[in-house]
Structures are given as structure tokens and as C-alpha cells.
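Below: one structure, written as C-alpha cells.
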Amino acid sequence: MKSILMNIVPEETRIAVVEDQKLLFIEVERSSHSHLVGNVYKGHVQNVLPGMQAAFVDIGGDKNAFLYIGDGMPREVIQTLSPQAKIHIGQNLPIQIIKDSVGSKGPRATVHLSLPGRNVVLMPTAAYIGISRRIEDESERTRLRKIAENICPPGMGLIIRTVAAGQSMEALTKDVNYLTRLWESLKARNKLATAPALLYRDADLVIRMVRDSFTEEIDEMLIDNAETYQRVIELLRYTSPELLDRIKLYRDKTPIFRTYHVDEEMKRIGDREVSLASGGFIVIDKTEALTVIDVNTGKFVGRANLADTVYRINLEAAAEIMKQIRLRDIGGIILIDFIDMEKEEQKETLLTFMRARVKDDRMKTNIVDITSLGLVEITRKKARQNFESIIYSECPYCNGRGRIESPETVSIKICRELRRIESKAHAPHGYEVAVHEQVAAALAELHLVESLARELHISIDIVVHSGIHPESCSIMQKSSEKN
């Protein structure tokens with residue numbers, strides 16, 4: 001059974017997709033950090049980069065949006081567009097956010113707007129008709145394309161979504177009419193608004209999940225909040241009344257995520273190392289540019305020859321990696337260092353296996369190939385802040401490095417600093433040095449304090465300070481000798 005679980009509290013919305021007690025997908029949205037993707041703004045151009053055909057646009061937030069003409073559209077769409085007017089500083093224009101802020105980078109925007117509905121996406125600025133690649137039946141694709149050509153407003157474009165498969169012309173027409181009215185309303189707001197201004201806010205996480213993911217494949221949707229339950233019921237009465245009987249209000253006292261063991265899975269999402277059932281494990285490391293995943297045999301030794309052992313652990317790791325990529329919503333470039341395989345057919349089977357698993361991912365994912373160094377390269381679209389970036393923050397101890405200086409290293413730095421200070425002015429009564437307990441232990445074990453005191457002919461007292469950073473110390477001259 002495949003279920004959508006919604007846990008709603010005033011501070012946070014959490015939605016999970018579970019199939020046969022296994023977590024397939026998790027997304028979190030907080031009231032204090034509303035998403036920007038899908039929002040349409042009347043922006044004010046602050047700076048222009050002619051060589052890059054791009055600009056920075058003020059949308060009224062902390063960071064300006066980066067606008068690149070042609071971004072966020074399929075190549076076929078870009079080819080149908082007329083040449084854009086030259087963007088200049090001080091210009092006001094409607095733009096849509098296609099990617100949230102990441103780190104120091106501001107959100108990314110496009111001038112090619114798209115308004116998503118249940119069955120179709122309306123593109124007011126591009127005369128293009130596209131069909132979801134997930135609809136594989138050619139006769140159905142042909143039928144939907146004919147419908148789209150008949151109902152598409154003049155001068156605009158449509159993308160037929162996966163959920164539209166099997167839908168009638170009336171259902172698609174209703175979607176198009178609603179989105180056309182929304183576009184007219186948006187244009188009216190754009191005329192009246194003073195830039196920067198928000199013209200259209202995309203739906204919240206609950207509505208997006210119902211709109212984009214609640215299909216015939218979902219057996220039930222459980223919601224633990226009565227108000228949200230009623231919102232979803234009202235929406236489905238308009239969009240998909242045939243799915244109404246699958247919506248249920250969760251009333252048990254045990255939290256819904258605990259009942260379905262989602263909380264346990266969420267705790268493991270942030271782990272760097274992920275264990276495999278066979279005894280092997282994978283290690284996930286992130287950098288600014290890409291994510292690197294390493295596969296290790298661990299305790300798995302196999303029962304046949306080495307080639308078979310390596311092949312089996314790689315297949316098991318591939319399944320877990322595709323799951324972790326989906327759960328953690330890892331985007332951008334991903335490199336996987338599988339254990340070396342000598343047989344070409346095993347490499348091809350591994351790639352075929354991973355490409356089959358991509359179909360379970362709602363984000364566009366491409367298994368590129370195996371590089372000359374034996375690395376599997378994956379690209380995956382990223383738009384919104386992922387689960388990890390919302391739940392976790394940078395470690396205050398290591399500043400995101402994943403490691404800190406060893407106690408011995410800090411001890412030697414303290415000795416070097418004391419020599420520097422003493423070389424400038426002698427401290428007649430010596431020094432008091434406050435350090436972390438681990439550093440104090442290293443100083444004592446290495447006998448560094450005694451050696452330095454004899455070398456400099458001074459008194460040095462080490463004081464343990466539990467609140468001090470392991471890499472830090474506080475050096476003070478003593479005002480008088482302690483009795």
C-alpha cells in the first residue's frame with residue numbers, strides 16, 4: 001500500500017510518502033521559511049551583465065534574484081521564443097523564481113512564466129506544447145497532444161502533466177480556463193503594482209502535494225489536522241472528486257509519523273555513513289560544487305568469487321544510493337565511486353538498474369555514464385531547499401569542515417603563541433591559560449607545559465574551561481605569584 005502522510009502543526013508541515021512501511025519521500029516546510037520557487041514578482045533590475053545576458057533583480061527580499069534569459073525552459077521552447085528586449089538597469093518586469101537561495105547565492109529567476117494546474121501547466125509567454133515523458137503510451141500521447149492543440153489559448157503554450165493520462169478533454173479544459181483567468185489577474189496586478197512586489201504566490205506544501213503527487217497510484221492520504229483535511233477535501237471536489245474516498249482524517253493519539261516509523265527514518269537521513277543489509281556501507285559527502293558517494297564492502301565478504309561479491313555489493317549500494325538521493329533531495333552533480341568491476345556487462349547492468357530506479361524519482365534525474373576513472377556521474381535537478389538544509393545548520397565547532405584541530409595541534413599552537421608573547425615582553429609572574437579539557441589532557445600527556453616553563457623561565461598554569469571551543473584558548477598574564 002502506498003500512502004501520503006501529512007503531519008501539520010502551526011510551526012511546520014511535514015509530508016511523507018510511504019509504501020509498504022518504507023519511506024519513499026519526505027518534505028518539510030516551515031512557516032518561518034516560506035519557499036520562493038513558483039512565485040511571480042514584479043522585479044526591479046539593479047544590475048546587468050551584458051556578456052552573460054543576465055541581470056540581478058530586486059524582488060523585495062534579502063538577496064537579489066539572478067535572471068538569465070532562456071533559463072528554466074526546454075530547448076524546444078527557447079527556440080520558439082522571439083528575441084528578448086534588452087534588459088536595462090531600472091527596468092521593471094515580471095519574473096518567476098525557479099530555484100531557492102542556496103548559501104550565499106540568491107534565488108534564480110526566469111522571464112518565461114509558467115502556471116501549474118492539476119493536469120496542465122500554462123506557459124503564457126511561449127507557444128509550445130509538451131507532453132510529460134512519464135506518459136509512455138504513444139496512443140495516449142497522441143490523444144493528449146490533439147486535445148492540447150485544441151484547448152491551448154492563442155499565443156500561449158501548454159505542458160501536459162503525467163496525471164493527465166486518461167483524463168477527458170473537459171477536465172483539461174477546466175484546468176486551462178482556470179489558469180487563463182489566473183494569468184489575466186496576474187497581468188492586472190503587474191500594471192498596478194510598484195516594484196518590487198509579489199504578484200503571485202505558489203501554493204503551500206499541502207496543496208502542491210495534492211496537485212502534483214496525489215494520483216491513482218496513491219491508495220490513501222492520511223491527514224492529522226482537521227482544518228487541513230477540510231482544505232484538501234474542498235480542493236479535490238473541484239479537481240479530482242474520484243479520489244475523495246481516499247482522504248482520511250488521522251485521529252489516533254500516537255503521532256502519525258511515529259505510527260508509520262517515519263521519525264526513525266528521518267533521524268538517519270542526516271548520517272554521513274549509511275549501512276547496507278549485507279554489511280557493506282556507503283559514505284555521502286557534500287561540497288559546494290557536487291556530492292560524492294563512496295561504496296565500501298565493510299563486513300560483506302560474499303560466498304563466491306571476488307567479481308561476484310563486488311557486483312552484488314554494488315547493486316545493493318545502487319538501490320540504497322537512489323533512495324538516499326531521493327530522501328535527502330540531493331541535487332546538482334553527483335559522483336558515485338562504486339567498487340571496481342572488471343566485466344563490462346556488469347557495468348552496463350548496474351547503469352540499467354539505476355536508470356530503472358530513476359522512474360521512482362519525481363525530480364528530473366539523469367544517469368550519465370561511467371567515467372574513465374570508474375565513477376558513475378548523475379545529474380539531478382534541484383529547485384527548493386532540500387530536507388537537510390532545512391533540518392540542519394552548519395556545525396559551530398568545525399564550521400562545516402566535518403573535523404576540528406586535534407588537541408595536540410592546539411597544544412603546540414599554544415606553546416608557539418606563548419613564545420611569541422614572551423619574546424615581546426617578559427611576564428614576571430607567568431601566564432594562566434584557559435583551554436578545553438581535551439587540550440588540557442594533551443598538554444599533560446605530552447609534558448609540554450613543564451618543558452616550555454623551563455625553556456622560558458616562567459610559571460604556566462593550565463585552567464580547564466568547559467565552555468571554551470576545542471580549538472581556542474585564553475592566555476592571561478598573572479598579576480602575582482599564587483601561593
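Numbering starts fresh at 1 for the residues of each chain in the C-alpha cells, the chains themselves are lettered A, B, ... in the order given, and ligands are numbered from 1 as they appear.
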Contacts of Ile233 in chain A at 12 Å or less, counting only C-alpha atoms, minus same-chain residues fewer than 3 places along, as a list in words?
Val206, Ile207, Val210, Met221, Leu222, Ile223, Ala226, Glu227, Thr228, Tyr229, Gln230, Leu236, Arg237, Tyr238, Thr239, Ser240, Pro241, Glu242, Leu243, Leu244, Asp245, Arg246, Ile247, Lys248 and Leu249 of chain A
DSSP on the backbone: what in range 104-322 of chain A comes out alpha helix (DSSP H), as an MDAnalysis selection string?
chainID A and resid 138:151 169:192 205:213 226:239 256:259 262:269 306:322
Residues within 12 Å of Ser389 in chain A, please, as number ranges by chain. Count only C-alpha atoms; anything in the same chain fewer than 5 positions from it doesn't count.
A: 27-29, 33, 100-103, 269-270, 286, 328-331, 384, 394
From the DSSP assignment of the backbone, select every residue of range 41-272 of chain A that is strand (DSSP E), and format the answer as a VMD selection string.
chain A and resid 41 to 49 54 to 58 65 to 68 92 to 99 108 to 110 115 to 116 120 to 123 129 to 131 157 to 160 197 to 200 220 to 223 247 to 249
Using only C-alpha atoms, which protein or nucleic acid residues come within 8 Å of Leu335 in chain A? Drop anything in the same chain fewer than 2 positions from it, and give the result as a ChimeraX atom specification.
/A:290-293,333,337,375-378
Can you tell me which residues surround range 279-283 of chain A at a distance of at most 8 Å, considering only C-alpha atoms, apart from same-chain residues fewer than 3 positions away, and format the answer as a ChimeraX atom specification?
/A:272-276,293-300,313,317,321
Range 448-455 of chain A surroundings by only C-alpha atoms, 9 Å radius, close-in-sequence under 2 positions cut, as a compact mmCIF listing (two decimals) with C-alpha atoms, in the first residue's frame:
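That gives us out.txt:
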```txt
# COMPACT_ATOMS: atom_id res chain seq x y z
CA SER A 411 48.61 22.42 22.35
CA ILE A 412 51.52 23.16 20.01
CA CYS A 415 53.22 26.87 23.00
CA LEU A 418 53.33 31.82 24.47
CA ARG A 419 56.80 32.05 22.92
CA GLY A 430 53.89 33.88 34.38
CA ALA A 442 47.05 16.56 25.74
CA LEU A 443 49.27 19.19 27.37
CA ALA A 444 49.65 16.99 30.44
CA GLU A 445 50.27 13.80 28.48
CA LEU A 446 52.94 15.39 26.28
CA HIS A 457 61.82 30.51 32.86
CA ILE A 458 58.21 31.35 33.63
CA SER A 459 55.27 29.88 35.52
CA ILE A 460 52.41 28.47 33.39
CA ASP A 461 49.08 27.40 34.90
CA ILE A 462 46.55 25.44 32.82
```
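One distance worth recording is that between CA of Asp360 in chain A and CA of Glu138 in chain A, which is 20.6 Å.
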Which residue is closest to Lys343 in chain A? Choose from A:Leu306, A:Ala171, A:Met322, A:Met1 and count only C-alpha atoms.
A:Leu306
Between CA of Val176 in chain A and CA of Arg143 in chain A, measure the distance and give it in Å to one decimal.
16.7 Å
Tell me, as a PyMOL selection string, which residues lie within 8 Å of Lys364 in chain A, counting only C-alpha atoms; anything in the same chain fewer than 2 positions away does not count.
chain A and resi 361-362+366+380-381
Take the residues from that selection and put them in a file with N, CA, C and O atoms, as a PDB file, in the first residue's frame.
```pdb
ATOM      1  N   ASP A 361      11.667   8.639  -9.056  1.00  0.00           N
ATOM      2  CA  ASP A 361      12.033   9.968  -8.575  1.00  0.00           C
ATOM      3  C   ASP A 361      11.182  11.016  -9.283  1.00  0.00           C
ATOM      4  O   ASP A 361      11.100  11.049 -10.511  1.00  0.00           O
ATOM      5  N   ARG A 362      10.562  11.895  -8.501  1.00  0.00           N
ATOM      6  CA  ARG A 362       9.718  12.933  -9.092  1.00  0.00           C
ATOM      7  C   ARG A 362      10.546  14.060  -9.715  1.00  0.00           C
ATOM      8  O   ARG A 362      10.044  14.822 -10.544  1.00  0.00           O
ATOM      9  N   ASN A 366      19.272  12.253 -14.284  1.00  0.00           N
ATOM     10  CA  ASN A 366      19.922  11.659 -15.449  1.00  0.00           C
ATOM     11  C   ASN A 366      21.155  10.868 -15.023  1.00  0.00           C
ATOM     12  O   ASN A 366      22.081  11.429 -14.435  1.00  0.00           O
ATOM     13  N   ARG A 380      20.980  15.788 -11.220  1.00  0.00           N
ATOM     14  CA  ARG A 380      19.601  15.815 -10.703  1.00  0.00           C
ATOM     15  C   ARG A 380      19.177  17.261 -10.478  1.00  0.00           C
ATOM     16  O   ARG A 380      19.910  18.045  -9.869  1.00  0.00           O
ATOM     17  N   LYS A 381      18.019  17.579 -10.985  1.00  0.00           N
ATOM     18  CA  LYS A 381      17.509  18.942 -10.870  1.00  0.00           C
ATOM     19  C   LYS A 381      17.288  19.305  -9.410  1.00  0.00           C
ATOM     20  O   LYS A 381      16.809  18.495  -8.618  1.00  0.00           O
TER      21      LYS A 381
END
```
Between CA of Val40 in chain A and CA of Met169 in chain A, what is the distance in Å, rounded to a tenth?
28.4 Å
